[in-house]
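J.: Pasting a structure here, questions to come.
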Amino acid sequence: MCLAVPALIKAINGAEGRVELGGVERVVSLLFTPEAREGDYVLIHTGFAIGVVDEEEAQATLSLLWELAETYEMDELFYESGQAQAPPSEADDYGLAPGLAVDLSKLADL
């Protein structure tokens, strides 16, 4: 399953943007979204902004992600199926899901 996550563009430098999600900042490519501007929300997938979304849609999506983080156990959200024999014992042992550009485990810390 692929997941694109909305993030706020904090700064733009050429074809790259510095985006923020849950207090975590990343540099992503804006090659697919040349219309994106500082202050816009963009959908991030594997390090690329793949679409510009309005703030209302971004906040609704982020709200659903928060609900998931609050509803499910950490093992159900972040365990990489098939890559380990047993679930990790510590939060630091949780890895990024394959292809996920943003570490959603940071949401669990909030």
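By convention in this document, the chains of the structure tokens carry letters A, B, ... by their order, each chain's residues are numbered from 1, and ligands are numbered from 1 in the order they are shown.
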Would you kindly return, as a list in words, each protein, DNA or RNA residue with an atom no farther than 9 Å from any atom of Ile44 in chain A, considering only C-alpha atoms and excluding same-chain residues fewer than 3 positions away?
T.: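 Returned residues: Leu3, Ala4, Val5, Pro6, Ala7, Val28, Gly47, Phe48, Ala49, Ile50, Gly51, Ala101 and Val102 of chain A.
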J.: Leaving out Gly17 in chain A and any residue of its chain fewer than 2 positions from it, which residues lie within 8 Å of it when counting only C-alpha atoms, given as a ChimeraX atom specification?
T.: /A:9-15,19,27-30
J.: I'd like to know which of A:Leu8, A:Thr46, A:Gly39, A:Glu25 is closest to Leu62 in chain A, using only C-alpha atoms.
T.: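 Selected residue with least distance to Leu62 in chain A: A:Leu8.
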J.: Distance CA of Pro34 in chain A-CA of Leu64 in chain A, one decimal place?
T.: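 Interatomic distance here is 27.4 Å.
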